[in-house]
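Everything below belongs to entry04.txt, which stores compact mmCIF, C-alpha atoms.
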# COMPACT_ATOMS: atom_id res chain seq x y z
CA MET T 1 82.62 66.33 119.28
CA GLN T 2 80.22 66.55 116.33
CA LEU T 3 79.78 69.06 113.54
CA SER T 4 77.35 69.19 110.60
CA TYR T 5 78.35 70.42 107.16
CA VAL T 6 75.74 71.61 104.65
CA LEU T 7 76.98 70.81 101.13
CA GLU T 8 75.32 72.40 98.12
CA LEU T 9 74.87 70.14 95.10
CA LEU T 10 75.21 71.33 91.54
CA PRO T 11 71.83 71.40 89.73
CA PRO T 12 70.95 67.79 88.81
CA THR T 13 69.76 66.74 85.36
CA LYS T 14 66.00 66.66 84.77
CA ARG T 15 66.02 62.85 85.00
CA LYS T 16 67.90 62.82 88.32
CA GLU T 17 65.75 65.58 89.78
CA ASN T 18 62.58 63.67 88.90
CA ILE T 19 64.00 60.61 90.66
CA LEU T 20 64.81 62.71 93.72
CA LEU T 21 61.34 64.26 93.83
CA LYS T 22 59.66 60.84 93.58
CA ASN T 23 61.82 59.50 96.43
CA VAL T 24 61.01 62.58 98.55
CA ALA T 25 57.26 62.07 97.96
CA GLU T 26 57.56 58.38 98.89
CA THR T 27 59.51 59.30 102.02
CA GLN T 28 56.65 61.45 103.30
CA LYS T 29 54.18 58.57 102.79
CA ASN T 30 56.58 56.10 104.39
CA ARG T 31 57.05 58.26 107.47
CA GLU T 32 53.29 58.65 107.84
CA GLU T 33 52.90 54.85 107.70
CA ILE T 34 55.66 54.34 110.26
CA VAL T 35 54.17 56.76 112.79
CA LYS T 36 50.72 55.12 112.42
CA LYS T 37 52.21 51.71 113.19
CA LEU T 38 54.07 53.12 116.20
CA HIS T 39 50.85 54.73 117.43
CA SER T 40 49.04 51.39 117.14
CA GLY T 41 51.69 49.72 119.31
CA GLU T 42 53.94 48.14 116.67
CA THR T 43 57.53 48.90 117.64
CA LYS T 44 59.60 46.17 115.99
CA LEU T 45 59.67 47.52 112.45
CA SER T 46 61.95 46.97 109.48
CA SER T 47 61.94 47.68 105.74
CA ALA T 48 60.14 44.33 105.26
CA HIS T 49 57.00 45.92 106.73
CA PHE T 50 56.90 48.46 103.89
CA LYS T 51 57.57 46.41 100.77
CA ALA T 52 54.95 48.34 98.78
CA ARG T 53 56.84 51.57 99.28
CA ASN T 54 59.11 52.56 96.35
CA LEU T 55 62.17 53.40 98.40
CA PRO T 56 65.58 51.78 99.01
CA SER T 57 65.56 49.64 102.15
CA ALA T 58 68.42 51.76 103.50
CA VAL T 59 66.18 54.87 103.38
CA ILE T 60 63.21 53.02 104.92
CA ASN T 61 65.32 51.69 107.80
CA GLN T 62 66.73 55.16 108.46
CA ASN T 63 63.18 56.58 108.31
CA ILE T 64 62.17 54.09 111.01
CA ARG T 65 65.02 55.27 113.27
CA GLU T 66 64.27 58.95 112.64
CA VAL T 67 60.49 58.60 113.16
CA LYS T 68 60.91 56.52 116.32
CA SER T 69 63.05 59.26 117.84
CA LEU T 70 60.60 61.95 116.72
CA TYR T 71 57.58 60.02 118.03
CA LYS T 72 59.24 59.51 121.41
CA THR T 73 59.74 63.29 121.70
CA PHE T 74 56.23 63.96 120.40
CA LYS T 75 54.62 61.81 123.12
CA LYS T 76 56.31 63.92 125.79
CA SER T 77 54.87 67.12 124.31
CA ASP T 78 51.48 68.68 125.05
CA SER T 79 50.28 68.38 121.46
CA LYS T 80 46.57 67.74 120.96
CA LYS T 81 47.27 65.78 117.77
CA GLU T 82 47.31 61.99 117.88
CA VAL T 83 50.49 61.67 115.81
CA PRO T 84 53.06 64.08 114.33
CA GLU T 85 52.44 65.23 110.78
CA PHE T 86 54.98 65.26 107.97
CA LYS T 87 55.23 68.01 105.39
CA PRO T 88 55.67 67.05 101.73
CA ASN T 89 59.33 68.12 101.50
CA GLN T 90 60.91 65.40 103.68
CA PRO T 91 64.68 64.77 103.64
CA LEU T 92 66.15 61.49 102.38
CA CYS T 93 68.19 60.19 105.33
CA TYR T 94 71.13 57.78 105.27
CA ASN T 95 73.51 56.25 107.78
CA ASN T 96 77.25 56.36 107.14
CA GLN T 97 77.22 52.96 105.41
CA ASN T 98 74.77 54.01 102.70
CA TYR T 99 76.40 57.03 101.07
CA LYS T 100 79.83 57.79 99.68
CA ILE T 101 81.74 61.05 99.31
CA ASP T 102 84.40 60.62 96.64
CA GLY T 103 86.29 63.70 95.56
CA ARG T 104 83.72 66.10 94.14
CA TYR T 105 80.79 63.69 94.18
CA ILE T 106 78.33 62.04 96.53
CA THR T 107 76.69 58.73 95.73
CA VAL T 108 73.43 57.67 97.39
CA PRO T 109 70.89 54.85 96.88
CA LEU T 110 67.61 55.97 95.26
CA TRP T 111 64.60 54.14 93.88
CA THR T 112 63.94 54.21 90.14
CA HIS T 113 62.19 50.95 89.20
CA ARG T 114 64.63 49.32 91.62
CA THR T 115 67.33 50.53 94.03
CA GLU T 116 70.18 52.25 92.19
CA ARG T 117 73.22 54.15 93.41
CA ILE T 118 73.17 57.58 91.78
CA THR T 119 75.97 60.16 91.80
CA PHE T 120 75.63 63.93 92.20
CA PRO T 121 78.39 66.57 91.84
CA ILE T 122 79.07 68.81 94.86
CA LYS T 123 79.57 72.55 94.52
CA GLN T 124 83.14 73.41 95.51
CA THR T 125 82.48 75.75 98.43
CA PRO T 126 84.59 76.60 101.51
CA VAL T 127 82.25 74.38 103.56
CA PHE T 128 83.01 71.37 101.36
CA ARG T 129 86.75 72.05 101.51
CA GLU T 130 86.50 72.28 105.29
CA LEU T 131 84.73 68.91 105.41
CA GLU T 132 87.44 67.36 103.23
CA TYR T 133 90.05 68.82 105.57
CA GLN T 134 88.36 67.28 108.63
CA ILE T 135 88.00 63.84 107.00
CA ILE T 136 91.69 63.84 105.98
CA PHE T 137 92.61 64.48 109.62
CA GLY T 138 90.50 61.65 110.99
CA ALA T 139 86.92 62.90 111.32
CA LYS T 140 84.39 60.07 110.91
CA PRO T 141 81.31 60.74 108.76
CA GLY T 142 78.01 59.88 110.46
CA LYS T 143 74.42 60.10 109.27
CA ALA T 144 73.49 62.36 106.37
CA SER T 145 70.40 63.77 104.71
CA LEU T 146 69.57 64.98 101.21
CA PHE T 147 66.89 67.65 100.83
CA TYR T 148 65.47 70.37 98.60
CA LYS T 149 65.27 74.00 99.72
CA ARG T 150 64.72 77.31 97.93
CA GLY T 151 65.43 75.99 94.46
CA GLY T 152 68.50 73.91 95.34
CA TRP T 153 69.51 70.46 96.56
CA TYR T 154 71.64 70.06 99.67
CA PHE T 155 73.45 67.22 101.42
CA VAL T 156 74.06 67.55 105.17
CA VAL T 157 76.82 65.40 106.66
CA THR T 158 77.51 64.98 110.38
CA VAL T 159 81.08 64.13 111.34
CA SER T 160 82.49 63.19 114.73
CA PHE T 161 86.05 63.30 116.00
CA ASN T 162 88.13 63.18 119.12
CA VAL T 163 89.73 66.47 120.11
CA GLU T 164 92.95 66.36 122.09
CA LYS T 165 93.69 69.51 124.05
CA THR T 166 96.90 71.11 122.84
CA THR T 167 99.81 71.39 125.26
CA GLY T 168 101.09 74.59 123.63
CA THR T 169 101.81 77.50 125.96
CA ASN T 170 102.15 80.29 123.40
CA ILE T 171 99.38 82.85 122.87
CA MET T 172 97.95 84.27 119.65
CA GLY T 173 96.27 87.68 119.78
CA ILE T 174 93.94 88.57 116.91
CA ASP T 175 92.68 92.04 116.03
CA ILE T 176 89.73 92.23 113.61
CA GLY T 177 88.98 95.36 111.62
CA LEU T 178 88.44 97.06 108.27
CA ARG T 179 91.89 98.05 106.99
CA GLN T 180 93.14 94.61 107.99
CA LEU T 181 90.36 92.04 108.23
CA ALA T 182 92.58 90.22 110.72
CA ALA T 183 95.99 90.88 112.26
CA ALA T 184 97.57 88.17 114.40
CA SER T 185 100.60 87.99 116.66
CA VAL T 186 101.89 84.79 118.29
CA LYS T 187 103.84 85.43 121.49
CA THR T 188 105.60 83.24 124.03
CA PRO T 189 104.79 83.51 127.77
CA ASP T 190 107.96 85.62 128.20
CA ASP T 191 106.73 88.11 125.55
CA LYS T 192 108.82 87.08 122.55
CA GLU T 193 106.95 87.34 119.24
CA LEU T 194 107.33 84.13 117.24
CA ASN T 195 105.28 85.00 114.16
CA ARG T 196 102.65 87.37 112.78
CA GLU T 197 100.05 87.42 110.04
CA LEU T 198 98.06 90.20 108.33
CA HIS T 199 94.99 89.84 106.10
CA THR T 200 94.33 93.03 104.16
CA GLY T 201 90.84 94.43 103.79
CA LYS T 202 91.46 96.15 100.42
CA GLU T 203 89.68 93.51 98.35
CA ALA T 204 86.74 93.41 100.76
CA ALA T 205 86.48 97.22 100.60
CA TYR T 206 86.39 97.05 96.80
CA ILE T 207 83.69 94.36 96.85
CA ARG T 208 81.66 96.35 99.39
CA LYS T 209 81.90 99.49 97.24
CA LYS T 210 81.00 97.58 94.08
CA TYR T 211 77.85 95.99 95.54
CA ARG T 212 76.78 99.19 97.28
CA PHE T 213 76.86 100.93 93.89
CA LEU T 214 74.83 98.11 92.31
CA ARG T 215 72.25 98.17 95.12
CA ARG T 216 71.83 101.93 94.78
CA LYS T 217 71.43 101.62 91.01
CA LEU T 218 68.87 98.81 91.32
CA GLY T 219 67.07 100.63 94.14
CA LYS T 220 66.24 103.49 91.82
CA THR T 221 64.39 101.06 89.53
CA LYS T 222 62.91 99.21 92.55
CA LYS T 223 64.30 95.81 91.51
CA ILE T 224 63.95 94.23 94.96
CA LYS T 225 64.71 90.65 93.88
CA ALA T 226 67.87 91.73 92.08
CA ILE T 227 69.01 93.66 95.17
CA LYS T 228 68.53 90.59 97.35
CA LYS T 229 70.37 88.44 94.82
CA ILE T 230 73.49 90.62 94.81
CA SER T 231 73.35 91.00 98.61
CA ASP T 232 73.36 87.20 98.87
CA LYS T 233 76.29 87.10 96.46
CA GLU T 234 78.20 89.59 98.60
CA HIS T 235 77.52 87.52 101.73
CA ARG T 236 78.73 84.35 99.98
CA TRP T 237 81.92 86.10 98.92
CA MET T 238 82.59 87.31 102.46
CA THR T 239 81.81 83.89 103.93
CA ASP T 240 84.36 82.33 101.57
CA LYS T 241 86.90 84.98 102.58
CA ASN T 242 86.27 84.40 106.29
CA HIS T 243 86.70 80.64 105.88
CA LYS T 244 90.08 81.16 104.21
CA ILE T 245 91.28 83.69 106.79
CA SER T 246 90.18 81.58 109.77
CA ARG T 247 91.83 78.45 108.34
CA SER T 248 95.09 80.32 107.76
CA LEU T 249 95.09 81.79 111.28
CA VAL T 250 94.35 78.50 113.02
CA ASN T 251 97.01 76.75 110.94
CA LEU T 252 99.50 79.40 112.08
CA ALA T 253 98.44 78.88 115.71
CA VAL T 254 99.01 75.12 115.39
CA GLN T 255 102.35 75.66 113.64
CA GLU T 256 103.63 77.98 116.38
CA GLY T 257 102.36 75.91 119.33
CA ALA T 258 99.69 78.34 120.49
CA GLY T 259 97.52 76.88 123.24
CA THR T 260 95.24 79.92 123.41
CA ILE T 261 93.79 82.32 120.85
CA VAL T 262 92.70 85.69 122.27
CA MET T 263 90.16 87.88 120.48
CA GLU T 264 88.30 91.06 121.33
CA ARG T 265 84.69 91.19 122.46
CA LEU T 266 82.75 92.76 119.63
CA SER T 267 80.01 94.40 121.72
CA GLY T 268 81.17 97.86 120.61
CA ILE T 269 81.77 97.02 116.97
CA ARG T 270 79.11 99.46 115.70
CA ARG T 271 81.02 102.34 117.27
CA ARG T 272 84.20 101.25 115.53
CA VAL T 273 82.56 101.31 112.10
CA LYS T 274 80.37 104.38 112.70
CA SER T 275 81.97 106.20 109.77
CA LEU T 276 80.44 103.67 107.37
CA LYS T 277 76.98 103.81 105.88
CA ARG T 278 74.29 101.90 107.80
CA ALA T 279 74.19 99.04 105.23
CA ASP T 280 77.97 98.63 105.46
CA ARG T 281 77.83 98.63 109.27
CA ASN T 282 75.32 95.79 109.19
CA ILE T 283 77.37 93.80 106.69
CA HIS T 284 80.59 94.24 108.65
CA SER T 285 79.02 93.60 112.05
CA TRP T 286 77.80 90.28 110.63
CA SER T 287 81.15 89.63 108.94
CA PHE T 288 83.22 90.30 112.08
CA TYR T 289 81.09 87.98 114.20
CA GLN T 290 81.19 85.30 111.51
CA LEU T 291 84.98 85.46 111.25
CA GLN T 292 85.31 85.09 115.01
CA HIS T 293 82.90 82.14 114.93
CA PHE T 294 84.92 80.42 112.19
CA ILE T 295 88.18 80.98 114.08
CA GLU T 296 86.66 79.70 117.32
CA TYR T 297 85.23 76.43 116.02
CA LYS T 298 88.33 75.64 113.92
CA ALA T 299 90.52 76.37 116.94
CA HIS T 300 88.42 74.04 119.10
CA LEU T 301 88.83 71.32 116.48
CA ALA T 302 92.59 71.74 116.85
CA GLY T 303 92.33 71.58 120.66
CA ILE T 304 93.15 75.28 121.07
CA ASN T 305 91.43 77.34 123.76
CA VAL T 306 89.67 80.57 122.70
CA VAL T 307 89.11 83.51 125.06
CA TYR T 308 87.76 87.04 124.67
CA VAL T 309 88.97 90.26 126.26
CA ASP T 310 87.78 93.87 126.23
CA ALA T 311 89.47 95.68 123.35
CA ASP T 312 89.25 99.23 124.72
CA TYR T 313 92.28 101.29 123.61
CA THR T 314 94.20 98.27 122.26
CA SER T 315 94.78 100.19 119.03
CA GLN T 316 96.02 103.31 120.90
CA ILE T 317 98.28 101.83 123.61
CA CYS T 318 101.97 101.39 122.79
CA ASN T 319 102.84 97.71 123.10
CA SER T 320 106.41 98.64 124.00
CA CYS T 321 106.09 101.28 126.75
CA GLY T 322 102.36 101.24 127.55
CA ASN T 323 101.81 104.90 126.66
CA LEU T 324 98.22 105.73 125.64
CA ASN T 325 98.01 108.33 122.90
CA LYS T 326 95.30 108.40 120.26
CA SER T 327 97.47 110.42 117.88
CA ASN T 328 100.11 107.66 117.81
CA ARG T 329 97.97 105.81 115.30
CA LYS T 330 97.81 107.24 111.80
CA GLY T 331 96.21 104.83 109.34
CA ASN T 332 98.25 101.63 109.18
CA LEU T 333 101.22 103.11 111.03
CA TYR T 334 101.67 103.25 114.81
CA THR T 335 104.54 105.44 116.06
CA CYS T 336 105.32 106.16 119.70
CA SER T 337 107.66 108.75 121.27
CA CYS T 338 109.57 105.86 122.85
CA GLY T 339 110.80 104.89 119.38
CA TYR T 340 108.42 101.97 118.91
CA ARG T 341 107.13 101.83 115.33
CA THR T 342 104.97 99.10 113.75
CA HIS T 343 101.75 98.31 111.87
CA SER T 344 98.74 99.70 113.79
CA ASP T 345 96.68 96.51 113.70
CA LEU T 346 99.68 94.38 114.61
CA ASN T 347 100.20 96.62 117.65
CA ALA T 348 96.55 96.01 118.59
CA ALA T 349 96.93 92.24 118.18
CA ARG T 350 99.96 92.26 120.49
CA ASN T 351 98.02 94.29 123.07
CA ILE T 352 95.11 91.84 122.90
CA ALA T 353 97.46 88.92 123.60
CA ASP T 354 99.13 90.85 126.45
CA ARG T 355 95.79 91.79 127.99
CA TYR T 356 95.03 88.09 128.46
CA LYS T 357 98.55 87.35 129.75
CA ASN T 358 98.23 90.13 132.32
CA LYS T 359 94.87 88.75 133.40
CA LEU T 360 96.49 85.35 133.99
CA LYS T 361 99.26 86.93 136.07
CA GLN T 362 96.74 88.80 138.23
CA SER T 363 94.73 85.64 138.92
CA ALA T 364 97.85 83.56 139.70
Could you write out this structure as C-alpha cells?
Amino acid sequence: MQLSYVLELLPPTKRKENILLKNVAETQKNREEIVKKLHSGETKLSSAHFKARNLPSAVINQNIREVKSLYKTFKKSDSKKEVPEFKPNQPLCYNNQNYKIDGRYITVPLWTHRTERITFPIKQTPVFRELEYQIIFGAKPGKASLFYKRGGWYFVVTVSFNVEKTTGTNIMGIDIGLRQLAAASVKTPDDKELNRELHTGKEAAYIRKKYRFLRRKLGKTKKIKAIKKISDKEHRWMTDKNHKISRSLVNLAVQEGAGTIVMERLSGIRRRVKSLKRADRNIHSWSFYQLQHFIEYKAHLAGINVVYVDADYTSQICNSCGNLNKSNRKGNLYTCSCGYRTHSDLNAARNIADRYKNKLKQSA
C-alpha cells in the first residue's frame, strides 16, 4: 500500500529561495532536453548526457525516469503535438536515496555553483506528524518532490508499507455529529461494551461562531481576500482537529482489538444540520466527510475493516430495549421508559455497531 504526504515547508531565506528557483528553472530546461532526445530515438540516457545543465546528477537522473514515463504515456495519447511541453514551475524530484527527513528538517541536493545538500525546516502540521508516525511503525519512504505553489514551498513524500489484516473480532461503532464531533463504542460479538470515547464539539462550535462573526464583519466592507484567508484558517483548524480525533479513535480500536469500524452513511447529513446557517452546513458537511476519510485510511493502515450503514433513527432507538421514541433524546441525554439512561451520541454509536452486527447475523 502507498500513501503520499504533502509537507509544507517554512518560508526559506532569500538566498535559499533563489537557489530553489534557479534549480526549478534548470529542471524545466532539462526535461525539455530529455524529451527531445527521447523523441529522436535516444533512450539510454544518464546525467552524463546533460553536463552543461546546472543541476545535481541525482535530480537529472530522476528527471530522466519521470520524463520517460511521461513520454511513454504521451505517445499513447491522441495529442497532435510532437512532444509534451513542460511549464516553468516544474517540481524537483528525488528518489529515496537522495533526500533525508531528520526531525523537523528535510535535506536535499541542490545546485549552487556545485552540488550542495541544503536543509529546510518543515512546518509542524498534523500531516507531518502522521508521516512521522507511519515511519516509526515501519513505512518506507519512496520518491519525493519539492515544488512551489501559491506562495509556498512543499515537499511531497510517498511511503509504502505492508498492511496485515487484523484478527480482532470486536466492533467499533462511531457516531459523528455537532454536539459530539465523534462518539465511539467498542463492543464484543456478544454485545459487551469494552470501551467508549467522546470528542466534544464545544470548541469547534466556538471556532465556527468566531469565524462566522469575522466573515460577516468583513463582508460589510467587501474585503473578499480577508474573508477567504480566515475561511482557509478555519478549514486548517478543523483539519488539524479531525486528524487528532481520527488518530485517537483508531488507536482505541487497535487497543481494544476491533477488527471492524462501523460508521454511518452521510448522504442525509444536510438534513441533520438543517438548523444551521447555509455557510455552517457547508463547512460541517465537508468536515464530517473529511473526518470519516481520515478514520477510514488510518484504520486501513492498521489492518482494520471499515463499513458503512444507514443511520436512520440510530439516535432515537433505545440500545437496551429497541424502543423508538424521538422524545427519549433531549440534548446530550437519552432516557428510555425501560430505565436505560446514557449519553445520546453514545447510544447512537452503540446502535450503529449493532446495526452492522445484525446485518452479519442475517447474512449468516
>> Within 12 Å of (100.1, 77.0, 111.5) (file coordinates; only C-alpha atoms), which protein or nucleic acid residues are there? I'd like them as a ChimeraX atom specification.
In response: /T:172,184,186,194-197,246-258,299,302,304
> Using all atoms listed in the file, which of T:Glu42, T:Glu116, T:Glu33, T:Asp190 sits nearest Glu85 (chain T)?
Replying inline: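 Checking each of T:Glu42, T:Glu116, T:Glu33, T:Asp190 against Glu85 (chain T), counting all atoms listed in the file, the winner is T:Glu33.
In this structure, CA of Val127 (chain T) sits 18.5 Å away from CA of Tyr99 (chain T).
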> So what do you get for CA of Glu203 (chain T) versus CA of Arg236 (chain T), distance-wise?
Replying inline: 14.4 Å
> Looking at T:Pro12, T:Asp345, T:Val24, T:Trp286, which one is nearest to Ser185 (chain T), with distances taken over all atoms listed in the file?
Replying inline: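 Of all the options, T:Asp345 lies closest to Ser185 (chain T).
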> In file coordinates, which residues lie within 8 Å of (80.2, 71.7, 94.6) using only C-alpha atoms, given as a ChimeraX atom specification?
Replying inline: /T:7-10,104,121-125,128
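Residue nearest Pro84 (chain T) within the list T:Gln28, T:Asn98, T:Gln134, T:Thr314: T:Gln28 [criterion: smallest interatomic distance, only C-alpha atoms].
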>> Using Å and a single decimal, report how far CA of Lys359 (chain T) sits from CA of Cys336 (chain T).
In response: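 One can read the CA of Cys336 (chain T) to CA of Lys359 (chain T) distance as 24.5 Å.
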Might you pull out every residue within 12 Å of region 214-224 of chain T, with all atoms listed in the file counted and same-chain residues fewer than 5 positions away left off, and present them as an mmCIF file with C-alpha atoms, in the coordinates of the input?
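Everything below was put into around_16.cif:
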data_model
loop_
_atom_site.group_PDB
_atom_site.id
_atom_site.type_symbol
_atom_site.label_atom_id
_atom_site.label_comp_id
_atom_site.auth_asym_id
_atom_site.auth_seq_id
_atom_site.Cartn_x
_atom_site.Cartn_y
_atom_site.Cartn_z
ATOM 1 C CA ILE T 207 83.690 94.360 96.850
ATOM 2 C CA ARG T 208 81.660 96.350 99.390
ATOM 3 C CA LYS T 209 81.900 99.490 97.240
ATOM 4 C CA LYS T 229 70.370 88.440 94.820
ATOM 5 C CA ILE T 230 73.490 90.620 94.810
ATOM 6 C CA SER T 231 73.350 91.000 98.610
ATOM 7 C CA ASP T 232 73.360 87.200 98.870
ATOM 8 C CA LYS T 233 76.290 87.100 96.460
ATOM 9 C CA GLU T 234 78.200 89.590 98.600
ATOM 10 C CA ALA T 279 74.190 99.040 105.230
ATOM 11 C CA ASP T 280 77.970 98.630 105.460
#
>> Which residues are close to region 263-266 of chain T, i.e. within 7 Å by all atoms listed in the file, leaving aside same-chain residues fewer than 5 positions away? Reply as a PyMOL selection string.
In response: chain T and resi 173-175+307-311+352
>> Just checking: using all atoms listed in the file, which residue out of T:Tyr94, T:Tyr340, T:Trp111, T:Phe213 ends up closest to Asn54 (chain T)?
In response: T:Trp111
>> Can you pull out the residues contacting Leu360 (chain T)? Cut-off 12 Å, using all atoms listed in the file, and skip same-chain residues under 4 positions away; I want them as a PyMOL selection string.
In response: chain T and resi 171+189+260+307+309+353-356+364
> Do you know which residues are at most 6 Å from region 152-168 of chain T counting all atoms listed in the file, after dropping those on the same chain fewer than 5 positions away, and could you put them as a ChimeraX atom specification?
Replying inline: /T:1-9,139-147,257-259,303-304
>> Using only C-alpha atoms for the distances, tell me which of T:Gln90, T:Thr73, T:Ser337, T:Asn61 is nearest to Thr27 (chain T).
In response: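 Distance minimum relative to Thr27 (chain T) lands on T:Gln90.
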>> Env of Ser344 (chain T): 6 Å cut, atoms = only C-alpha atoms, seq-sep filter 4 positions within chain, self excluded. Answer as JSON, numbers by chain.
In response: {"T": [332, 333, 334]}
